[in-house]
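Visitor: Sharing a structure with you now.
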Amino acid sequence: MKKSFIETKPESHFPIQNLPYGIFQVNSANPRVGTAIGDYVLDLTVIEEAGLLDGTGVEGKNIFTSPSLNSFMALGRSVWSAVRKKLQHLLDENTPDLRDHEILRAHAFYLLKDVTMLLPAEIGDYTDFYASKEHATNVGTMFRGKDNALMPNWTHLPIGYHGRASSIVPSGTPVRRPLGQRKPRDSEYPVFGPCTQLDFELEIGWFIGPGNTLGEPIPVHEAEDHVFGLVLVNDWSARDIQAWEYQPLGPFLAKNFATSISPWVVPLEALEPFRTAGPKQDPVPLPYLQQGKAGSFNINLEVYLTPENTGTETRITKTNFSYMYWSIAQQVAHHTITGCNIRPGDMHASGTISGPTREERGSLLELSWRGSEPVQLNGGGERSWIEDGDTLTISGWCQGDGYRIGFGEVTGQILPAHSETNVLINQAALKI
């Protein structure tokens, strides 16, 4: 098994087999591109300036001094692969270039705990799918009954909607409970106030590399060439706001207040050893969605909830990305079949990932079955919905033979909603 001169424990998410990319900042210095290895960040600007990435296709382009990965994403798979291969060589335990160069090493490595991780990309557009059959069935059963759980189109195409990119935030960013309209069951009219049914959604996201020309679809067998890498996603959801607003156009304010993502983008190439077939698709998709090879990945996923000031976490979900009915390639192909152009830095997300058992459901809506079966917490207490002060943490990894390909985590704490009175006062003041 390939090893690095940087020590990585078997449970580390960032061995030499991974090498995810992210944007990091040290104190007030300019943000730049790094890769994670063990407990360290390798500054790729230092490595490039030293000439150690010559021959990969990035030289002279100032790719890694950028505060986003967009320019690197745009270069395409051949360059990504060449850089990854060179980095694995430089970090190998048998390669002296970095290992034995104390001055260069001192400038190139930072401890992960000493850096601030930022959004990995300037996200132009965000599309959220609804690609888990178990999740769609659970939600449909709750709202329409078991016999009408799936809408007639669901097994024929990947359902999705265009989300809001401006409110995507990196892990660790607190999330404010949203205000909005909601309609109580015993009321004829809606009321205004804080969301009372705040939820998480466990998802995987992917960033687009080279896009396509407007009017030119991406064939399903080429779709993965347009995918730079994957991140963890918590697509926060205000269920009671959504229940009132979503007809006839779907989610709006219920989804636009925050989407949290993990800061490290795991290259698709790092996940190849964990490629697996997804569920059998019945009926057989139309030709433009027939991928022709295993399209999923064996990614273990866990969600933890920690109430404020307790330090006692409860694992509330353990599931796997391989349950997803529609693959990444199918979702990209469907997204562009109309000729819609996607661009470097665009982000897509899978939609909530759920498995066949209760413990594998990817949202509190399902785990508590719309609030009727509260989740019991370690140390006492229960949750039907997320409360103020709660912290949600999602972790994910692929388990190899003696190593892991990990995503790190995405975490966020819920802050109380703004006072409705203050909101109205501020609005009135603006009119004076």
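Labels used: A, B, ... for chains in the order of the structure tokens, numbers from 1 for residues in each chain, and numbers from 1 for ligands as shown.
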If you run DSSP on the backbone, which residues of stretch 45-256 of chain A are alpha helix (DSSP H), as a ChimeraX atom specification?

Guide: /A:45-49,70-74,77-91,96-99,102-108,133-144,239-245

Visitor: Can you tell me, as a list in words, what residues are no more than 9 Å from A:Pro416 when counting only C-alpha atoms, ignoring any on the same chain fewer than 3 positions away?

Guide: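 In the requested format, the answer is Val175, Arg176, Arg177, Pro178, Pro194, Glu387, Asp388, Gly389 and Ser419 of chain A.
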
Visitor: Export N, CA and C atoms of the chosen residues as a compact mmCIF listing (two decimals), in the first residue's frame?

Guide:
```txt
# COMPACT_ATOMS: atom_id res chain seq x y z
N VAL A 175 -25.92 28.83 11.46
CA VAL A 175 -27.08 28.99 10.60
C VAL A 175 -28.23 29.58 11.41
N ARG A 176 -28.77 30.70 10.93
CA ARG A 176 -29.86 31.38 11.62
C ARG A 176 -31.20 30.71 11.28
N ARG A 177 -31.98 30.39 12.31
CA ARG A 177 -33.32 29.85 12.08
C ARG A 177 -34.13 30.85 11.25
N PRO A 178 -34.74 30.40 10.15
CA PRO A 178 -35.43 31.35 9.28
C PRO A 178 -36.80 31.75 9.80
N PRO A 194 -40.90 32.34 13.37
CA PRO A 194 -39.78 31.43 13.17
C PRO A 194 -40.25 30.05 12.70
N GLU A 387 -33.56 21.99 17.31
CA GLU A 387 -33.81 23.10 18.22
C GLU A 387 -32.67 24.10 18.19
N ASP A 388 -32.93 25.32 18.66
CA ASP A 388 -31.89 26.33 18.74
C ASP A 388 -30.72 25.81 19.57
N GLY A 389 -29.52 26.09 19.12
CA GLY A 389 -28.32 25.65 19.83
C GLY A 389 -27.82 24.28 19.40
N SER A 419 -35.92 38.37 16.03
CA SER A 419 -37.21 38.73 16.59
C SER A 419 -38.12 39.29 15.51
```

Visitor: From the list A:Arg84, A:Leu268, A:Lys183, A:Ala36, which residue is nearest A:Thr56 when using only C-alpha atoms?

Guide: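 Using only C-alpha atoms, A:Thr56 sits closest to A:Arg84.
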
Visitor: Produce a table with one row for each residue of stretch 240-298 of chain A that has an atom at most 7 Å from any atom of stretch 313-333 of chain A, each row naming the nearest atom pair and its distance in Å at one decimal; use only C-alpha atoms; arrange rows by chain and rising residue number; format as CSV.

Guide:
```
residue,atom,partner,partner_atom,distance
A:Gly278,CA,A:Ser322,CA,5.5
A:Pro279,CA,A:Tyr325,CA,5.6
A:Leu289,CA,A:Gln330,CA,5.5
A:Gln291,CA,A:Gln330,CA,6.9
A:Gly295,CA,A:Ser327,CA,5.5
A:Ser296,CA,A:Ser322,CA,5.5
A:Phe297,CA,A:Ser322,CA,5.5
A:Asn298,CA,A:Ser322,CA,5.4
```

Visitor: Considering only C-alpha atoms, can you say which of A:Gly345, A:Pro15, A:Pro283, A:Gly215 comes closest to A:Trp397?

Guide: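 Checking each candidate against A:Trp397, we get A:Pro15 as the closest.
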
Visitor: With distances taken over only C-alpha atoms, which residue among A:Gly205, A:Leu90, A:Leu179, A:Glu122 lies nearest A:Glu420?

Guide: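 The answer is A:Leu179, which sits nearest to A:Glu420.
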
Visitor: In stretch 291-353 of chain A, what's strand (DSSP E or B) per DSSP? Answer as an MDAnalysis selection string?

Guide: chainID A and resid 296:297 300:306 314:320 347:349

Visitor: Go ahead and save the picked residues with all heavy atoms, as a compact mmCIF listing (two decimals), in the first residue's frame.

Guide:
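Result saved to selection-v5.txt:
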```
# COMPACT_ATOMS: atom_id res chain seq x y z
N SER A 296 -22.29 4.29 -9.10
CA SER A 296 -22.35 4.78 -7.73
C SER A 296 -21.02 4.52 -7.02
O SER A 296 -20.09 3.95 -7.59
CB SER A 296 -23.50 4.13 -6.97
OG SER A 296 -23.75 4.84 -5.76
N PHE A 297 -20.95 4.94 -5.74
CA PHE A 297 -19.74 4.79 -4.95
C PHE A 297 -20.13 4.38 -3.53
O PHE A 297 -21.14 4.85 -2.99
CB PHE A 297 -18.94 6.09 -4.93
CG PHE A 297 -18.51 6.55 -6.30
CD1 PHE A 297 -19.32 7.40 -7.03
CD2 PHE A 297 -17.34 6.09 -6.85
CE1 PHE A 297 -18.95 7.81 -8.30
CE2 PHE A 297 -16.95 6.49 -8.13
CZ PHE A 297 -17.76 7.35 -8.86
N ASN A 300 -19.64 5.64 3.07
CA ASN A 300 -20.33 5.58 4.36
C ASN A 300 -20.63 6.98 4.85
O ASN A 300 -19.78 7.88 4.78
CB ASN A 300 -19.44 4.87 5.39
CG ASN A 300 -19.10 3.46 4.99
OD1 ASN A 300 -19.97 2.61 4.91
ND2 ASN A 300 -17.82 3.20 4.73
N LEU A 301 -21.83 7.18 5.38
CA LEU A 301 -22.28 8.49 5.82
C LEU A 301 -22.90 8.41 7.20
O LEU A 301 -23.67 7.49 7.49
CB LEU A 301 -23.30 9.06 4.83
CG LEU A 301 -22.78 9.30 3.40
CD1 LEU A 301 -23.95 9.48 2.44
CD2 LEU A 301 -21.86 10.50 3.36
N GLU A 302 -22.55 9.36 8.06
CA GLU A 302 -23.11 9.41 9.42
C GLU A 302 -23.50 10.85 9.75
O GLU A 302 -22.88 11.80 9.29
CB GLU A 302 -22.09 8.92 10.45
CG GLU A 302 -21.74 7.45 10.32
CD GLU A 302 -20.78 6.98 11.39
OE1 GLU A 302 -20.11 7.83 12.02
OE2 GLU A 302 -20.69 5.75 11.61
N VAL A 303 -24.54 10.96 10.59
CA VAL A 303 -25.00 12.27 11.07
C VAL A 303 -25.08 12.23 12.59
O VAL A 303 -25.64 11.29 13.17
CB VAL A 303 -26.38 12.64 10.49
CG1 VAL A 303 -26.82 14.01 11.00
CG2 VAL A 303 -26.36 12.63 8.97
N TYR A 304 -24.52 13.28 13.22
CA TYR A 304 -24.54 13.40 14.68
C TYR A 304 -25.25 14.69 15.07
O TYR A 304 -25.08 15.73 14.43
CB TYR A 304 -23.12 13.40 15.25
CG TYR A 304 -22.40 12.08 15.10
CD1 TYR A 304 -21.76 11.74 13.92
CD2 TYR A 304 -22.39 11.15 16.14
CE1 TYR A 304 -21.11 10.53 13.77
CE2 TYR A 304 -21.73 9.94 16.01
CZ TYR A 304 -21.11 9.63 14.83
OH TYR A 304 -20.47 8.41 14.68
N LEU A 305 -26.04 14.62 16.14
CA LEU A 305 -26.70 15.79 16.71
C LEU A 305 -26.18 16.01 18.12
O LEU A 305 -26.17 15.09 18.95
CB LEU A 305 -28.21 15.61 16.71
CG LEU A 305 -29.07 16.83 17.09
CD1 LEU A 305 -30.44 16.74 16.44
CD2 LEU A 305 -29.23 16.98 18.61
N THR A 306 -25.75 17.25 18.42
CA THR A 306 -25.24 17.60 19.74
C THR A 306 -25.99 18.82 20.27
O THR A 306 -25.87 19.91 19.71
CB THR A 306 -23.73 17.92 19.68
OG1 THR A 306 -23.03 16.84 19.08
CG2 THR A 306 -23.18 18.17 21.08
N THR A 314 -25.21 12.38 19.63
CA THR A 314 -25.98 11.18 19.30
C THR A 314 -25.89 10.94 17.81
O THR A 314 -26.19 11.84 17.02
CB THR A 314 -27.46 11.33 19.69
OG1 THR A 314 -27.57 11.60 21.10
CG2 THR A 314 -28.25 10.07 19.35
N ARG A 315 -25.46 9.76 17.43
CA ARG A 315 -25.51 9.42 16.00
C ARG A 315 -26.95 9.09 15.66
O ARG A 315 -27.51 8.13 16.16
CB ARG A 315 -24.60 8.22 15.68
CG ARG A 315 -24.46 8.00 14.16
CD ARG A 315 -23.59 6.82 13.84
NE ARG A 315 -24.28 5.57 14.15
CZ ARG A 315 -23.69 4.36 14.14
NH1 ARG A 315 -22.41 4.27 13.88
NH2 ARG A 315 -24.39 3.28 14.43
N ILE A 316 -27.53 9.90 14.80
CA ILE A 316 -28.95 9.72 14.48
C ILE A 316 -29.15 9.05 13.11
O ILE A 316 -30.26 8.63 12.80
CB ILE A 316 -29.71 11.05 14.54
CG1 ILE A 316 -29.12 12.09 13.59
CG2 ILE A 316 -29.73 11.59 15.97
CD1 ILE A 316 -29.90 13.40 13.55
N THR A 317 -28.10 8.99 12.30
CA THR A 317 -28.21 8.36 10.98
C THR A 317 -26.89 7.70 10.60
O THR A 317 -25.82 8.26 10.86
CB THR A 317 -28.56 9.41 9.89
OG1 THR A 317 -29.80 10.01 10.18
CG2 THR A 317 -28.62 8.77 8.52
N LYS A 318 -26.99 6.54 10.00
CA LYS A 318 -25.84 5.89 9.37
C LYS A 318 -26.35 5.25 8.09
O LYS A 318 -27.16 4.32 8.11
CB LYS A 318 -25.22 4.83 10.28
CG LYS A 318 -23.99 4.17 9.67
CD LYS A 318 -23.37 3.14 10.60
CE LYS A 318 -22.11 2.54 9.97
NZ LYS A 318 -21.48 1.52 10.87
N THR A 319 -25.87 5.73 6.95
CA THR A 319 -26.37 5.25 5.67
C THR A 319 -25.23 5.18 4.66
O THR A 319 -24.06 5.24 5.03
CB THR A 319 -27.55 6.13 5.18
OG1 THR A 319 -28.15 5.54 4.05
CG2 THR A 319 -27.10 7.53 4.87
N ASN A 320 -25.56 5.07 3.36
CA ASN A 320 -24.53 4.91 2.34
C ASN A 320 -24.99 5.54 1.03
O ASN A 320 -26.16 5.43 0.65
CB ASN A 320 -24.22 3.42 2.12
CG ASN A 320 -22.92 3.22 1.37
OD1 ASN A 320 -22.83 3.43 0.16
ND2 ASN A 320 -21.88 2.79 2.08
N MET A 347 -22.36 23.81 -8.61
CA MET A 347 -22.51 22.70 -7.68
C MET A 347 -23.86 22.02 -7.87
O MET A 347 -24.88 22.68 -8.00
CB MET A 347 -22.38 23.17 -6.23
CG MET A 347 -22.19 22.02 -5.23
SD MET A 347 -22.11 22.56 -3.51
CE MET A 347 -23.84 22.42 -3.03
N HIS A 348 -23.83 20.70 -7.90
CA HIS A 348 -25.04 19.88 -7.89
C HIS A 348 -25.06 19.09 -6.59
O HIS A 348 -24.00 18.78 -6.03
CB HIS A 348 -25.06 18.89 -9.06
CG HIS A 348 -25.03 19.54 -10.41
ND1 HIS A 348 -24.89 18.81 -11.58
CD2 HIS A 348 -25.13 20.83 -10.80
CE1 HIS A 348 -24.89 19.62 -12.61
NE2 HIS A 348 -25.04 20.86 -12.17
N ALA A 349 -26.24 18.75 -6.12
CA ALA A 349 -26.36 17.91 -4.93
C ALA A 349 -27.38 16.82 -5.17
O ALA A 349 -28.31 16.98 -5.96
CB ALA A 349 -26.74 18.74 -3.71
```

Visitor: So, with only C-alpha atoms as the atoms that count, which of A:Gln281, A:Gly292, A:Leu104, A:Thr127 lies closest to A:Gly160?

Guide: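 Closest to A:Gly160 of all the choices is A:Thr127.
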
Visitor: Ranking A:Leu232, A:Trp154, A:Leu118, A:Arg182 by minimum distance to A:Pro170 and counting only C-alpha atoms, which one comes first?

Guide: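 Among A:Leu232, A:Trp154, A:Leu118, A:Arg182, it is A:Leu118 that comes nearest to A:Pro170.
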
Visitor: Skip A:Ile342 itself and residues of its chain fewer than 5 positions away, then list as a VMD selection string all residues within 10 Å of it, counting only C-alpha atoms.

Guide: chain A and resid 124 to 126 208 to 214 217 to 218 226 332 335 to 336 347

Visitor: Here is a test: counting only C-alpha atoms, which residue of A:Trp264, A:Tyr110, A:Phe207, A:Tyr288 is nearest to A:Met73?

Guide: A:Phe207

Visitor: Compile the contact shell of A:Ser68 as a compact mmCIF listing (two decimals) with all heavy atoms, in the first residue's frame: residues with an atom at most 7 Å away, counting only C-alpha atoms, same-chain residues fewer than 5 positions apart removed.

Guide:
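So the final result, stored in result.txt, reads:
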```txt
# COMPACT_ATOMS: atom_id res chain seq x y z
N ILE A 23 -9.65 25.50 -0.30
CA ILE A 23 -9.14 26.85 -0.19
C ILE A 23 -8.93 27.14 1.30
O ILE A 23 -9.86 27.06 2.09
CB ILE A 23 -10.12 27.88 -0.78
CG1 ILE A 23 -10.37 27.57 -2.26
CG2 ILE A 23 -9.57 29.29 -0.60
CD1 ILE A 23 -9.14 27.68 -3.14
N PRO A 120 -14.77 26.25 -1.29
CA PRO A 120 -13.77 25.81 -2.28
C PRO A 120 -13.94 26.45 -3.65
O PRO A 120 -13.02 26.40 -4.47
CB PRO A 120 -13.98 24.31 -2.36
CG PRO A 120 -15.39 24.09 -1.91
CD PRO A 120 -15.67 25.16 -0.92
N ALA A 121 -15.09 27.04 -3.94
CA ALA A 121 -15.33 27.56 -5.29
C ALA A 121 -16.21 28.80 -5.23
O ALA A 121 -16.92 29.03 -4.24
CB ALA A 121 -16.01 26.50 -6.16
N GLU A 122 -16.13 29.59 -6.29
CA GLU A 122 -17.13 30.63 -6.53
C GLU A 122 -18.28 29.93 -7.25
O GLU A 122 -18.17 29.59 -8.43
CB GLU A 122 -16.54 31.75 -7.37
CG GLU A 122 -15.44 32.54 -6.67
CD GLU A 122 -14.85 33.62 -7.55
OE1 GLU A 122 -15.39 33.83 -8.67
OE2 GLU A 122 -13.86 34.25 -7.15
```

Visitor: Near A:Lys9, counting only C-alpha atoms, which residues have an atom at most 9 Å away, once you skip same-chain residues fewer than 5 positions from it, shown as a PyMOL selection string?

Guide: chain A and resi 15+38+402-403

Visitor: Could you pull the residues within 10 Å of A:Phe5, counting only C-alpha atoms, minus those fewer than 3 positions along the same chain, as a PDB file with N, CA and C atoms, in the first residue's frame?

Guide:
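Written out: result-v5.pdb:
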```
ATOM      1  N   THR A   8       0.027   9.225   8.532  1.00  0.00           N
ATOM      2  CA  THR A   8      -1.433   9.203   8.513  1.00  0.00           C
ATOM      3  C   THR A   8      -1.903   7.909   9.169  1.00  0.00           C
ATOM      4  N   ILE A  16      -2.496   9.503   1.522  1.00  0.00           N
ATOM      5  CA  ILE A  16      -1.949   9.827   0.204  1.00  0.00           C
ATOM      6  C   ILE A  16      -2.854   9.334  -0.919  1.00  0.00           C
ATOM      7  N   LEU A  90       5.379  13.254  -4.982  1.00  0.00           N
ATOM      8  CA  LEU A  90       6.121  14.136  -4.083  1.00  0.00           C
ATOM      9  C   LEU A  90       5.913  13.785  -2.614  1.00  0.00           C
ATOM     10  N   LEU A  91       4.726  13.271  -2.288  1.00  0.00           N
ATOM     11  CA  LEU A  91       4.403  12.946  -0.899  1.00  0.00           C
ATOM     12  C   LEU A  91       4.726  11.508  -0.531  1.00  0.00           C
ATOM     13  N   ASP A  92       5.193  10.728  -1.484  1.00  0.00           N
ATOM     14  CA  ASP A  92       5.523   9.331  -1.232  1.00  0.00           C
ATOM     15  C   ASP A  92       6.692   9.221  -0.259  1.00  0.00           C
ATOM     16  N   GLU A  93       6.649   8.225   0.584  1.00  0.00           N
ATOM     17  CA  GLU A  93       7.693   8.049   1.598  1.00  0.00           C
ATOM     18  C   GLU A  93       9.077   7.841   0.999  1.00  0.00           C
ATOM     19  N   ASN A  94       9.150   7.424  -0.265  1.00  0.00           N
ATOM     20  CA  ASN A  94      10.435   7.145  -0.911  1.00  0.00           C
ATOM     21  C   ASN A  94      10.935   8.285  -1.791  1.00  0.00           C
ATOM     22  N   THR A  95      10.203   9.402  -1.851  1.00  0.00           N
ATOM     23  CA  THR A  95      10.602  10.532  -2.692  1.00  0.00           C
ATOM     24  C   THR A  95      11.248  11.605  -1.824  1.00  0.00           C
ATOM     25  N   PRO A  96      12.513  11.974  -2.095  1.00  0.00           N
ATOM     26  CA  PRO A  96      13.235  12.900  -1.210  1.00  0.00           C
ATOM     27  C   PRO A  96      12.944  14.382  -1.439  1.00  0.00           C
ATOM     28  N   LEU A  98      10.554  16.645  -1.236  1.00  0.00           N
ATOM     29  CA  LEU A  98       9.965  17.358  -0.100  1.00  0.00           C
ATOM     30  C   LEU A  98      10.421  16.766   1.231  1.00  0.00           C
ATOM     31  N   ARG A  99      10.501  15.490   1.266  1.00  0.00           N
ATOM     32  CA  ARG A  99      10.822  14.790   2.518  1.00  0.00           C
ATOM     33  C   ARG A  99      12.127  15.293   3.129  1.00  0.00           C
ATOM     34  N   ASP A 100      13.140  15.526   2.296  1.00  0.00           N
ATOM     35  CA  ASP A 100      14.468  15.874   2.790  1.00  0.00           C
ATOM     36  C   ASP A 100      14.807  17.357   2.638  1.00  0.00           C
TER      37      ASP A 100
END
```

Visitor: Please provide as a ChimeraX atom specification all residues within 7 Å of A:Lys255, with the sequence filter that same-chain residues fewer than 5 positions apart are discarded (counting only C-alpha atoms).

Guide: /A:236-238

Visitor: Can you measure atom CA of A:Glu11 to atom CA of A:Ile414 for me? One decimal in Å is fine.

Guide: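 Interatomic distance here is 28.8 Å.
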